[in-house]
$ cat structure.cif   # mmCIF, C-alpha atoms
data_structure
#
loop_
_atom_site.label_atom_id
_atom_site.label_comp_id
_atom_site.auth_asym_id
_atom_site.auth_seq_id
_atom_site.Cartn_x
_atom_site.Cartn_y
_atom_site.Cartn_z
CA MET A 1 18.72 4.12 27.07
CA HIS A 2 19.60 3.89 23.39
CA GLN A 3 17.05 5.93 21.42
CA ILE A 4 15.70 4.22 18.28
CA VAL A 5 13.36 6.46 16.27
CA ILE A 6 11.34 4.95 13.41
CA VAL A 7 9.64 7.34 11.00
CA GLY A 8 6.70 5.85 9.11
CA GLY A 9 4.12 3.33 10.33
CA GLY A 10 3.53 1.36 7.15
CA ALA A 11 4.02 -2.38 6.82
CA GLY A 12 7.76 -2.30 7.50
CA GLY A 13 7.89 0.52 10.03
CA LEU A 14 5.06 -0.74 12.24
CA GLU A 15 6.33 -4.32 12.22
CA LEU A 16 9.77 -3.07 13.22
CA ALA A 17 8.44 -0.85 16.03
CA THR A 18 6.23 -3.65 17.34
CA ARG A 19 8.91 -6.33 17.39
CA LEU A 20 11.62 -4.03 18.79
CA GLY A 21 9.18 -2.81 21.43
CA ASP A 22 8.47 -6.40 22.47
CA THR A 23 12.18 -7.26 22.69
CA LEU A 24 14.26 -4.16 23.43
CA GLY A 25 11.58 -1.78 24.70
CA LYS A 26 9.97 -3.99 27.32
CA LYS A 27 13.42 -5.09 28.56
CA ASN A 28 14.63 -1.47 28.92
CA VAL A 29 17.49 -2.07 26.49
CA ALA A 30 16.33 0.73 24.17
CA GLU A 31 13.52 3.24 23.90
CA ILE A 32 11.54 2.79 20.68
CA THR A 33 9.64 5.75 19.21
CA LEU A 34 7.40 5.55 16.14
CA ILE A 35 6.62 8.85 14.38
CA GLU A 36 3.63 8.62 12.04
CA LYS A 37 1.31 11.29 10.62
CA SER A 38 -1.82 9.07 10.68
CA ARG A 39 -3.83 7.87 13.66
CA THR A 40 -4.45 4.36 12.35
CA HIS A 41 -2.70 1.73 10.23
CA PHE A 42 -4.21 -0.04 7.22
CA TRP A 43 -2.31 -2.55 5.06
CA LYS A 44 -1.66 -0.67 1.82
CA PRO A 45 -2.08 -3.66 -0.58
CA HIS A 46 -5.74 -3.77 0.55
CA LEU A 47 -6.53 -0.18 -0.46
CA HIS A 48 -8.07 -1.31 -3.76
CA GLU A 49 -10.59 -3.43 -1.81
CA LEU A 50 -11.42 -0.48 0.42
CA ALA A 51 -11.97 1.67 -2.68
CA ALA A 52 -14.31 -0.93 -4.17
CA GLY A 53 -16.16 -1.34 -0.87
CA SER A 54 -15.20 -4.99 -0.45
CA VAL A 55 -13.66 -4.48 3.01
CA ASP A 56 -14.69 -2.37 5.98
CA LEU A 57 -12.10 0.09 7.26
CA ASP A 58 -13.38 -0.19 10.84
CA ILE A 59 -12.62 -3.92 10.88
CA HIS A 60 -9.15 -3.85 9.32
CA GLU A 61 -7.55 -0.66 10.63
CA LEU A 62 -5.25 -0.68 13.65
CA ASP A 63 -4.89 2.16 16.17
CA TYR A 64 -1.25 3.18 16.59
CA LEU A 65 -1.74 4.43 20.14
CA ALA A 66 -3.23 1.13 21.30
CA GLN A 67 -0.55 -0.87 19.48
CA SER A 68 2.21 1.15 21.15
CA TYR A 69 0.68 0.50 24.60
CA TRP A 70 0.45 -3.26 23.98
CA HIS A 71 3.93 -3.65 22.52
CA GLY A 72 6.30 -1.43 24.46
CA PHE A 73 7.01 1.47 22.09
CA ARG A 74 6.01 5.15 22.02
CA TYR A 75 3.77 6.55 19.27
CA ARG A 76 4.13 10.22 18.42
CA ILE A 77 1.81 11.75 15.84
CA GLY A 78 3.17 14.11 13.19
CA GLU A 79 4.88 14.35 9.82
CA MET A 80 8.67 14.40 9.53
CA THR A 81 9.96 17.59 7.89
CA GLY A 82 13.73 17.27 8.28
CA ILE A 83 16.68 16.16 10.37
CA ASP A 84 19.74 17.66 12.01
CA ARG A 85 22.40 15.00 11.58
CA GLU A 86 24.94 16.80 13.78
CA LYS A 87 22.55 17.11 16.75
CA GLN A 88 20.81 13.82 15.83
CA LEU A 89 17.33 15.34 15.82
CA VAL A 90 14.22 14.54 13.79
CA TYR A 91 11.96 17.54 13.16
CA VAL A 92 8.20 16.96 13.09
CA ALA A 93 5.54 19.38 11.83
CA PRO A 94 2.55 20.45 13.95
CA TYR A 95 -0.40 18.07 13.76
CA MET A 96 -3.73 19.69 12.86
CA ASP A 97 -7.19 18.18 13.21
CA ASP A 98 -9.92 18.18 10.54
CA GLU A 99 -11.15 21.60 11.71
CA GLY A 100 -7.69 23.13 11.39
CA ASN A 101 -6.99 23.25 15.11
CA GLU A 102 -3.46 22.53 16.29
CA VAL A 103 -3.30 19.27 18.28
CA THR A 104 0.47 19.09 18.74
CA GLU A 105 3.03 21.80 18.14
CA ALA A 106 6.19 21.46 16.04
CA ARG A 107 8.59 19.15 17.86
CA SER A 108 11.96 17.47 17.58
CA PHE A 109 13.06 14.02 18.75
CA TYR A 110 16.59 12.90 19.59
CA TYR A 111 17.85 9.65 18.10
CA ASP A 112 20.87 7.41 18.48
CA THR A 113 19.58 5.29 15.61
CA LEU A 114 17.09 6.52 13.02
CA VAL A 115 15.10 4.25 10.69
CA ILE A 116 13.23 5.97 7.84
CA ALA A 117 10.28 3.93 6.52
CA VAL A 118 8.01 6.56 4.99
CA GLY A 119 6.95 4.44 2.01
CA SER A 120 6.09 5.84 -1.40
CA GLN A 121 3.49 7.97 -3.14
CA THR A 122 1.97 8.17 -6.58
CA ASN A 123 4.14 9.40 -9.44
CA ASP A 124 2.03 11.36 -11.94
CA PHE A 125 5.04 11.98 -14.26
CA GLY A 126 3.88 15.58 -14.68
CA THR A 127 0.70 14.56 -16.52
CA PRO A 128 -1.75 17.50 -16.70
CA GLY A 129 -4.97 17.18 -14.73
CA VAL A 130 -4.00 14.28 -12.47
CA GLY A 131 -4.04 16.30 -9.26
CA GLN A 132 -7.35 17.98 -10.10
CA HIS A 133 -9.41 15.14 -11.56
CA ALA A 134 -7.94 11.77 -10.55
CA VAL A 135 -7.92 9.84 -7.29
CA ALA A 136 -4.65 8.24 -6.20
CA LEU A 137 -5.03 5.28 -3.84
CA GLU A 138 -2.29 6.38 -1.43
CA SER A 139 -4.26 6.38 1.80
CA THR A 140 -7.45 5.19 3.43
CA ALA A 141 -8.88 8.70 3.04
CA GLU A 142 -8.35 8.60 -0.73
CA ALA A 143 -9.74 5.06 -1.04
CA ASP A 144 -12.79 5.99 1.04
CA ARG A 145 -13.30 9.17 -1.01
CA PHE A 146 -13.29 7.13 -4.22
CA HIS A 147 -15.81 4.68 -2.79
CA ARG A 148 -18.20 7.45 -1.73
CA ARG A 149 -17.95 8.96 -5.22
CA LEU A 150 -18.63 5.52 -6.71
CA VAL A 151 -21.78 4.95 -4.65
CA ASN A 152 -23.00 8.50 -5.34
CA ALA A 153 -22.48 7.98 -9.07
CA PHE A 154 -24.73 4.91 -9.01
CA LEU A 155 -27.42 6.60 -6.90
CA ARG A 156 -27.37 9.60 -9.27
CA ALA A 157 -27.61 7.41 -12.38
CA HIS A 158 -30.48 5.39 -10.94
CA ALA A 159 -32.52 8.40 -9.83
CA GLN A 160 -32.18 10.73 -12.84
CA SER A 161 -34.96 10.94 -15.39
CA THR A 162 -32.69 11.87 -18.31
CA PRO A 163 -30.53 9.41 -20.30
CA LEU A 164 -27.05 8.64 -19.01
CA ARG A 165 -24.31 10.95 -20.21
CA PRO A 166 -21.35 9.32 -22.02
CA GLU A 167 -19.09 9.51 -18.96
CA GLN A 168 -21.60 8.25 -16.42
CA LEU A 169 -20.79 4.91 -14.74
CA GLN A 170 -17.51 4.84 -16.66
CA VAL A 171 -14.28 4.20 -14.72
CA ALA A 172 -10.75 4.72 -16.08
CA ILE A 173 -7.82 3.21 -14.19
CA VAL A 174 -4.44 4.52 -15.32
CA GLY A 175 -1.63 2.07 -14.67
CA ALA A 176 -1.90 -1.71 -15.00
CA GLY A 177 0.49 -2.75 -12.28
CA ALA A 178 -0.78 -4.93 -9.44
CA THR A 179 -2.90 -2.13 -7.93
CA GLY A 180 -4.60 -1.21 -11.20
CA VAL A 181 -5.29 -4.79 -12.25
CA GLU A 182 -6.61 -5.82 -8.82
CA LEU A 183 -8.81 -2.71 -8.61
CA ALA A 184 -10.31 -3.37 -12.06
CA ALA A 185 -11.32 -6.92 -11.13
CA GLU A 186 -12.58 -5.88 -7.69
CA LEU A 187 -14.71 -3.08 -9.16
CA HIS A 188 -16.31 -5.45 -11.65
CA ASN A 189 -17.61 -7.56 -8.77
CA ALA A 190 -18.42 -4.68 -6.42
CA THR A 191 -20.44 -2.66 -8.96
CA ARG A 192 -22.65 -5.66 -9.68
CA ASP A 193 -23.22 -6.21 -5.99
CA LEU A 194 -24.09 -2.53 -5.66
CA VAL A 195 -26.67 -2.70 -8.47
CA ALA A 196 -28.26 -5.72 -6.79
CA TYR A 197 -29.45 -3.44 -3.95
CA ASN A 198 -32.58 -2.46 -5.90
CA LEU A 199 -30.80 -0.12 -8.32
CA ASP A 200 -32.75 -1.94 -10.99
CA ARG A 201 -32.65 0.84 -13.59
CA ILE A 202 -28.94 0.18 -14.10
CA GLU A 203 -27.95 -2.73 -16.33
CA PRO A 204 -24.33 -3.64 -15.47
CA ASP A 205 -23.34 -5.21 -18.78
CA LYS A 206 -24.88 -2.34 -20.72
CA HIS A 207 -24.18 0.75 -18.59
CA ILE A 208 -20.96 0.05 -16.67
CA ASN A 209 -17.56 0.14 -18.36
CA ILE A 210 -14.14 -0.19 -16.73
CA HIS A 211 -11.08 0.91 -18.72
CA LEU A 212 -7.53 -0.10 -17.76
CA VAL A 213 -4.77 1.95 -19.43
CA GLU A 214 -1.09 0.92 -19.47
CA ALA A 215 1.81 2.65 -21.24
CA SER A 216 3.82 -0.60 -21.53
CA ASN A 217 2.99 -3.19 -24.16
CA ARG A 218 1.38 -5.51 -21.59
CA ILE A 219 -0.30 -5.30 -18.22
CA LEU A 220 1.72 -6.20 -15.09
CA PRO A 221 4.96 -5.30 -16.91
CA ALA A 222 7.13 -5.98 -13.83
CA LEU A 223 5.88 -9.58 -13.53
CA PRO A 224 6.54 -12.66 -15.69
CA THR A 225 4.79 -12.76 -19.06
CA ARG A 226 2.76 -15.81 -18.08
CA VAL A 227 1.24 -13.96 -15.12
CA SER A 228 0.50 -10.97 -17.34
CA ASP A 229 -1.15 -13.08 -20.04
CA ALA A 230 -3.31 -14.98 -17.57
CA ALA A 231 -4.48 -11.77 -15.88
CA HIS A 232 -5.21 -10.15 -19.25
CA LYS A 233 -7.29 -13.15 -20.30
CA MET A 234 -9.33 -13.02 -17.09
CA LEU A 235 -9.93 -9.26 -17.38
CA THR A 236 -11.13 -9.75 -20.95
CA LYS A 237 -13.63 -12.35 -19.72
CA LEU A 238 -14.93 -9.75 -17.30
CA ASN A 239 -15.43 -7.31 -20.21
CA ILE A 240 -12.87 -4.91 -18.80
CA GLN A 241 -11.45 -2.85 -21.65
CA VAL A 242 -7.64 -3.02 -21.60
CA HIS A 243 -5.58 -0.40 -23.45
CA THR A 244 -1.85 -1.22 -23.64
CA GLY A 245 1.06 0.47 -25.37
CA VAL A 246 -0.38 3.95 -24.96
CA ALA A 247 0.29 6.64 -22.35
CA VAL A 248 -2.16 9.15 -20.90
CA ALA A 249 -1.65 12.69 -22.21
CA GLU A 250 -4.15 14.46 -19.97
CA VAL A 251 -6.81 13.78 -17.35
CA MET A 252 -9.83 16.03 -17.86
CA GLU A 253 -12.93 16.65 -15.76
CA ASN A 254 -15.00 13.84 -17.27
CA SER A 255 -12.56 12.01 -19.52
CA VAL A 256 -9.03 10.81 -20.14
CA ARG A 257 -7.13 11.75 -23.29
CA LEU A 258 -4.58 9.21 -24.49
CA ALA A 259 -1.36 10.06 -26.32
CA ASN A 260 -2.78 8.63 -29.56
CA GLY A 261 -5.68 11.10 -29.44
CA VAL A 262 -8.35 8.67 -28.21
CA ILE A 263 -10.61 10.12 -25.52
CA ILE A 264 -12.12 7.79 -22.91
CA PRO A 265 -15.22 9.25 -21.22
CA ALA A 266 -15.05 8.59 -17.46
CA GLU A 267 -16.55 10.30 -14.43
CA LEU A 268 -14.24 8.32 -12.13
CA VAL A 269 -10.48 8.24 -12.76
CA VAL A 270 -7.93 6.39 -10.62
CA TRP A 271 -4.21 7.08 -11.08
CA ALA A 272 -2.05 4.04 -10.30
CA ALA A 273 0.69 4.50 -12.89
CA GLY A 274 3.85 4.64 -10.81
CA VAL A 275 5.43 5.34 -7.45
CA LYS A 276 8.14 7.57 -6.04
CA ALA A 277 9.42 8.30 -2.54
CA PRO A 278 8.35 11.57 -0.85
CA HIS A 279 10.18 14.64 -2.14
CA PHE A 280 11.35 15.83 1.29
CA LEU A 281 13.85 12.92 1.36
CA THR A 282 15.91 14.78 -1.25
CA GLN A 283 16.40 17.67 1.21
CA LEU A 284 17.95 15.71 4.09
CA GLY A 285 21.53 15.91 2.82
CA LEU A 286 21.51 12.17 2.04
CA GLN A 287 22.04 10.60 -1.39
CA THR A 288 18.84 9.80 -3.30
CA ASN A 289 18.03 8.36 -6.73
CA SER A 290 15.79 9.67 -9.51
CA ILE A 291 12.57 8.68 -7.71
CA ASN A 292 13.65 10.22 -4.38
CA GLN A 293 14.61 6.93 -2.69
CA LEU A 294 17.40 7.03 -0.11
CA MET A 295 20.48 5.15 -1.32
CA VAL A 296 21.46 2.51 1.21
CA LYS A 297 24.25 -0.02 1.69
CA GLN A 298 23.54 -3.74 1.94
CA THR A 299 23.31 -3.25 5.71
CA LEU A 300 20.36 -0.87 4.99
CA GLN A 301 22.39 2.07 6.34
CA THR A 302 22.34 5.23 4.23
CA LEU A 303 25.50 5.90 2.24
CA ASP A 304 26.21 9.17 4.07
CA ASP A 305 25.32 8.36 7.68
CA PRO A 306 25.65 4.96 9.38
CA LYS A 307 23.26 6.03 12.16
CA ILE A 308 20.42 6.41 9.65
CA PHE A 309 18.76 3.34 8.11
CA ALA A 310 16.04 3.17 5.45
CA ILE A 311 13.65 0.33 4.62
CA GLY A 312 10.66 -0.29 2.37
CA ASP A 313 9.58 1.68 -0.68
CA CYS A 314 11.66 4.74 0.28
CA ALA A 315 14.96 2.79 0.24
CA ALA A 316 17.09 2.04 -2.84
CA CYS A 317 18.88 -1.18 -1.94
CA VAL A 318 20.85 -3.09 -4.57
CA TRP A 319 19.26 -6.42 -5.48
CA THR A 320 22.34 -8.61 -5.22
CA THR A 321 21.01 -11.43 -7.41
CA HIS A 322 19.90 -8.98 -10.14
CA PRO A 323 22.87 -6.75 -11.06
CA GLY A 324 21.89 -3.20 -11.90
CA LYS A 325 18.49 -3.43 -10.19
CA PHE A 326 17.15 -2.29 -6.85
CA VAL A 327 14.97 -4.33 -4.52
CA PRO A 328 11.40 -3.85 -5.86
CA PRO A 329 8.94 -1.72 -3.84
CA ARG A 330 6.74 -4.56 -2.59
CA ALA A 331 5.21 -5.41 0.75
CA GLN A 332 7.31 -8.58 0.98
CA ALA A 333 10.50 -6.50 0.61
CA ALA A 334 9.48 -4.20 3.48
CA HIS A 335 8.61 -7.27 5.57
CA GLN A 336 12.00 -8.89 4.92
CA GLN A 337 13.93 -5.69 5.62
CA SER A 338 12.02 -5.20 8.86
CA ASN A 339 12.84 -8.77 9.92
CA HIS A 340 16.49 -8.15 9.07
CA LEU A 341 16.74 -5.04 11.27
CA ILE A 342 14.93 -6.76 14.12
CA LYS A 343 17.87 -9.15 14.27
CA GLU A 344 20.62 -6.65 13.48
CA LEU A 345 19.78 -3.55 15.53
CA PRO A 346 20.51 -5.26 18.88
CA LYS A 347 24.01 -5.99 17.49
CA TRP A 348 24.30 -2.36 16.39
CA ILE A 349 23.52 -1.18 19.93
CA ARG A 350 26.23 -3.48 21.29
CA GLY A 351 28.73 -2.11 18.77
CA GLU A 352 28.99 -5.31 16.73
CA SER A 353 29.28 -5.47 12.94
CA LEU A 354 26.13 -5.81 10.84
CA ARG A 355 25.28 -8.49 8.31
CA ASP A 356 24.23 -7.61 4.77
CA PHE A 357 20.59 -7.77 3.73
CA HIS A 358 19.76 -10.11 0.83
CA TYR A 359 16.30 -9.92 -0.70
CA ARG A 360 14.66 -13.26 -1.50
CA ASP A 361 12.03 -13.11 -4.23
CA PHE A 362 9.18 -15.42 -3.25
CA GLY A 363 7.29 -14.60 -6.40
CA SER A 364 4.30 -12.38 -7.11
CA LEU A 365 0.58 -12.97 -6.73
CA VAL A 366 -2.21 -10.88 -8.23
CA SER A 367 -5.75 -11.14 -6.89
CA LEU A 368 -8.54 -10.84 -9.43
CA GLY A 369 -11.28 -10.41 -6.85
CA GLU A 370 -13.32 -13.47 -5.95
CA TYR A 371 -12.74 -14.91 -9.38
CA THR A 372 -9.19 -16.19 -9.11
CA THR A 373 -5.62 -15.38 -8.19
CA VAL A 374 -2.65 -15.86 -10.50
CA GLY A 375 1.07 -15.65 -9.96
CA ASN A 376 4.41 -17.34 -9.56
CA LEU A 377 5.91 -18.65 -6.34
CA MET A 378 9.52 -19.20 -5.30
CA GLY A 379 10.95 -16.95 -8.00
CA ASN A 380 14.39 -18.12 -9.17
CA PHE A 381 14.04 -21.27 -7.05
CA ALA A 382 16.01 -24.10 -8.66
CA GLY A 383 16.44 -21.95 -11.76
CA GLY A 384 12.75 -21.44 -12.44
CA ASN A 385 9.31 -20.43 -11.16
CA LEU A 386 6.37 -22.39 -9.79
CA TRP A 387 3.24 -21.26 -11.60
CA VAL A 388 0.09 -21.12 -9.45
CA GLU A 389 -3.49 -20.05 -10.00
CA GLY A 390 -6.98 -20.64 -8.70
CA LEU A 391 -7.92 -21.48 -5.12
CA PHE A 392 -4.41 -22.44 -3.99
CA ALA A 393 -3.01 -19.15 -5.27
CA ARG A 394 -5.87 -17.31 -3.57
CA TYR A 395 -4.97 -18.84 -0.20
CA MET A 396 -1.31 -17.98 -0.74
CA TYR A 397 -2.28 -14.37 -1.50
CA ILE A 398 -4.31 -14.15 1.71
CA SER A 399 -1.41 -15.66 3.67
CA LEU A 400 0.76 -12.61 2.83
CA TYR A 401 -1.60 -10.42 4.84
CA LYS A 402 -1.77 -13.00 7.61
CA LEU A 403 2.03 -12.90 7.94
CA HIS A 404 1.78 -9.13 8.43
CA GLU A 405 -0.95 -9.53 11.05
CA MET A 406 1.03 -12.23 12.82
CA ALA A 407 4.07 -9.92 13.02
CA LEU A 408 1.86 -7.29 14.67
CA HIS A 409 -0.29 -9.43 16.96
CA GLY A 410 1.17 -12.91 17.29
CA PHE A 411 -0.35 -16.16 16.02
CA TRP A 412 -3.32 -16.61 18.35
CA LYS A 413 -4.72 -13.09 18.08
CA MET A 414 -4.28 -13.23 14.30
CA ALA A 415 -6.19 -16.55 14.17
CA LEU A 416 -9.05 -15.31 16.38
CA THR A 417 -9.32 -12.04 14.45
CA THR A 418 -9.47 -13.95 11.15
CA LEU A 419 -12.25 -16.17 12.51
CA SER A 420 -14.32 -13.23 13.73
CA ARG A 421 -13.98 -11.47 10.36
CA PHE A 422 -15.07 -14.64 8.57
CA ILE A 423 -18.20 -14.88 10.73
CA SER A 424 -19.09 -11.20 10.33
CA ARG A 425 -18.50 -11.34 6.56
CA ARG A 426 -21.31 -13.88 6.25
CA THR A 427 -23.79 -11.61 8.04
CA VAL A 428 -23.12 -8.24 6.38
CA PRO A 429 -23.56 -6.98 2.78
CA HIS A 430 -20.91 -8.07 0.24
CA VAL A 431 -20.17 -4.44 -0.57
CA LYS A 432 -20.08 -1.39 1.67
CA LEU A 433 -22.93 1.00 0.89
CA HIS A 434 -21.62 4.23 2.45
#
$ encode --input "structure.cif" --output "structure tokens"
Amino acid sequence: MHQIVIVGGGAGGLELATRLGDTLGKKNVAEITLIEKSRTHFWKPHLHELAAGSVDLDIHELDYLAQSYWHGFRYRIGEMTGIDREKQLVYVAPYMDDEGNEVTEARSFYYDTLVIAVGSQTNDFGTPGVGQHAVALESTAEADRFHRRLVNAFLRAHAQSTPLRPEQLQVAIVGAGATGVELAAELHNATRDLVAYNLDRIEPDKHINIHLVEASNRILPALPTRVSDAAHKMLTKLNIQVHTGVAVAEVMENSVRLANGVIIPAELVVWAAGVKAPHFLTQLGLQTNSINQLMVKQTLQTLDDPKIFAIGDCAACVWTTHPGKFVPPRAQAAHQQSNHLIKELPKWIRGESLRDFHYRDFGSLVSLGEYTTVGNLMGNFAGGNLWVEGLFARYMYISLYKLHEMALHGFWKMALTTLSRFISRRTVPHVKLH
């Protein structure tokens, strides 16, 4: 059978493997293999809620092995290290467990068609101290590590007999894109819920400060000004201190030094200031751009090899309606590209020509916790945008995740899962305590 290998089980890669497994895999038209270095899948736009403790990982994560069994594809654990384009092989590193024991040895997998969907990672722009003292919300492990540090910081502050040090209960978030803004609002709510669990020596309005730092002259610089202004206004109401127009010069052990010399005391620092594709993509012999993304044609095939496709954050695809720009690294872009290949790869197997991919911007929504959601829908529709906020925008924001779940599970399982989460949410604490 035709061998389709997908590397990366993020939003785009897992949706593609699932849908192709249901159509081509179960009908023995092609063998679908998903290579992913993690054991479970978690929707990346929800990482800020996991970090704040607003969602439970055990409820929202999905096991790749179980998903592959249900949907007709093979899951192989490991991290891609390179390819041999002549032999059409993908090389995968050994997988080691938490104790350092080898679970799987180094392997290679043959492909007739290869789809690279390895996503993106944090770009620290070479800023000193980021790797040593900041947490980057790239994975569930990082988000969970931040949450444990957050809870420990509150327990420490409540129990100590000495006055709080300047950096205690201070949080600095570097980067005011969607992740940074959503995390700031979510932390405001979560920290107050945390204090409510008998940590009565901590006064939230007096002791807790959240700083949001952005090098651009406004927060959410990639979104329309109206969305940025509305989000800034809401963050100000929450007493979140917003610093715009200034870059971070250094992240230190208990503080952040800005380029203008101002030092922000903070025992917890989150770096959310930019993204880039993994560096190993630059070593595959395929053309990449300045942030390591693979350059692709409108068919999503790489410029150098028609048998290799790339989707999601790791792909640089020209945005046809915005000359000179690439499709933005958003979950909706990965979802659309996955849907495109689901329709086109069966044609590719039959030797037919492929249609071009055209990204449709449905707008951007930013969740500000339980307070509100702001954004614009139907971007460039009829020459303008539809401005939305409040409860309606909140439901639209939630629907983005539901579309992802529906692509993975189908409508009825998505609906039943949503109902069970709603019921359990009303019987458990509002914030995770461990």
$ resolve_selection --input "structure.cif" --expression "the PyMOL selection byres ((chain A and resi 14) around 12)" --output "number ranges by chain"
A: 5-13, 15-21, 32-36, 40-43, 62-65, 67-68, 71, 73-75, 115-119, 311-312, 334-335, 338-339, 342, 404-405, 407-409
$ closest_residue --input "structure.cif" --among "A:Gly72, A:Pro306, A:Gly131, A:Pro323" --to "Arg85 in chain A" --atoms "all atoms listed in the file"
A:Pro306
$ resolve_selection --input "structure.cif" --expression "the PyMOL selection byres ((chain A and resi 100-110) around 10)" --output "PyMOL selection string"
chain A and resi 3-5+33+35+76-84+87-99+111-114
$ residues_around --input "structure.cif" --residues "Leu341 in chain A" --least-positions-apart "4" --cutoff "10 Å" --atoms "all atoms listed in the file" --output "ChimeraX atom specification"
/A:16,20,115,299-300,309,311,336-337,345-348,354-355,357
$ atom_distance --input "structure.cif" --atom1 "CA of Glu49 in chain A" --atom2 "CA of Cys314 in chain A"
23.8 Å
$ build_atoms --input "structure.cif" --residues "range 270-275 of chain A" --atoms "all heavy atoms" --output "PDB file, in the coordinates of the input"
ATOM      1  N   VAL A 270      -8.898   6.778 -11.647  1.00  0.00           N
ATOM      2  CA  VAL A 270      -7.930   6.390 -10.620  1.00  0.00           C
ATOM      3  C   VAL A 270      -6.546   6.388 -11.244  1.00  0.00           C
ATOM      4  O   VAL A 270      -6.343   5.802 -12.313  1.00  0.00           O
ATOM      5  CB  VAL A 270      -8.246   4.986 -10.054  1.00  0.00           C
ATOM      6  CG1 VAL A 270      -7.185   4.569  -9.041  1.00  0.00           C
ATOM      7  CG2 VAL A 270      -9.624   4.966  -9.412  1.00  0.00           C
ATOM      8  N   TRP A 271      -5.589   7.042 -10.578  1.00  0.00           N
ATOM      9  CA  TRP A 271      -4.210   7.080 -11.080  1.00  0.00           C
ATOM     10  C   TRP A 271      -3.360   6.096 -10.285  1.00  0.00           C
ATOM     11  O   TRP A 271      -3.164   6.255  -9.087  1.00  0.00           O
ATOM     12  CB  TRP A 271      -3.646   8.491 -10.970  1.00  0.00           C
ATOM     13  CG  TRP A 271      -2.319   8.625 -11.683  1.00  0.00           C
ATOM     14  CD1 TRP A 271      -1.085   8.392 -11.155  1.00  0.00           C
ATOM     15  CD2 TRP A 271      -2.107   8.972 -13.048  1.00  0.00           C
ATOM     16  NE1 TRP A 271      -0.111   8.585 -12.124  1.00  0.00           N
ATOM     17  CE2 TRP A 271      -0.715   8.938 -13.293  1.00  0.00           C
ATOM     18  CE3 TRP A 271      -2.965   9.302 -14.093  1.00  0.00           C
ATOM     19  CZ2 TRP A 271      -0.167   9.239 -14.537  1.00  0.00           C
ATOM     20  CZ3 TRP A 271      -2.416   9.600 -15.331  1.00  0.00           C
ATOM     21  CH2 TRP A 271      -1.033   9.567 -15.548  1.00  0.00           C
ATOM     22  N   ALA A 272      -2.874   5.062 -10.951  1.00  0.00           N
ATOM     23  CA  ALA A 272      -2.050   4.040 -10.300  1.00  0.00           C
ATOM     24  C   ALA A 272      -0.867   3.698 -11.196  1.00  0.00           C
ATOM     25  O   ALA A 272      -0.472   2.540 -11.317  1.00  0.00           O
ATOM     26  CB  ALA A 272      -2.888   2.796 -10.021  1.00  0.00           C
ATOM     27  N   ALA A 273      -0.279   4.728 -11.812  1.00  0.00           N
ATOM     28  CA  ALA A 273       0.690   4.500 -12.890  1.00  0.00           C
ATOM     29  C   ALA A 273       2.146   4.522 -12.473  1.00  0.00           C
ATOM     30  O   ALA A 273       3.012   4.444 -13.322  1.00  0.00           O
ATOM     31  CB  ALA A 273       0.465   5.545 -13.989  1.00  0.00           C
ATOM     32  N   GLY A 274       2.443   4.634 -11.209  1.00  0.00           N
ATOM     33  CA  GLY A 274       3.850   4.640 -10.810  1.00  0.00           C
ATOM     34  C   GLY A 274       4.012   5.138  -9.395  1.00  0.00           C
ATOM     35  O   GLY A 274       3.094   5.730  -8.818  1.00  0.00           O
ATOM     36  N   VAL A 275       5.181   4.892  -8.818  1.00  0.00           N
ATOM     37  CA  VAL A 275       5.430   5.340  -7.450  1.00  0.00           C
ATOM     38  C   VAL A 275       6.769   6.075  -7.372  1.00  0.00           C
ATOM     39  O   VAL A 275       7.652   5.883  -8.209  1.00  0.00           O
ATOM     40  CB  VAL A 275       5.444   4.165  -6.447  1.00  0.00           C
ATOM     41  CG1 VAL A 275       4.095   3.471  -6.392  1.00  0.00           C
ATOM     42  CG2 VAL A 275       6.543   3.167  -6.779  1.00  0.00           C
TER      43      VAL A 275
END
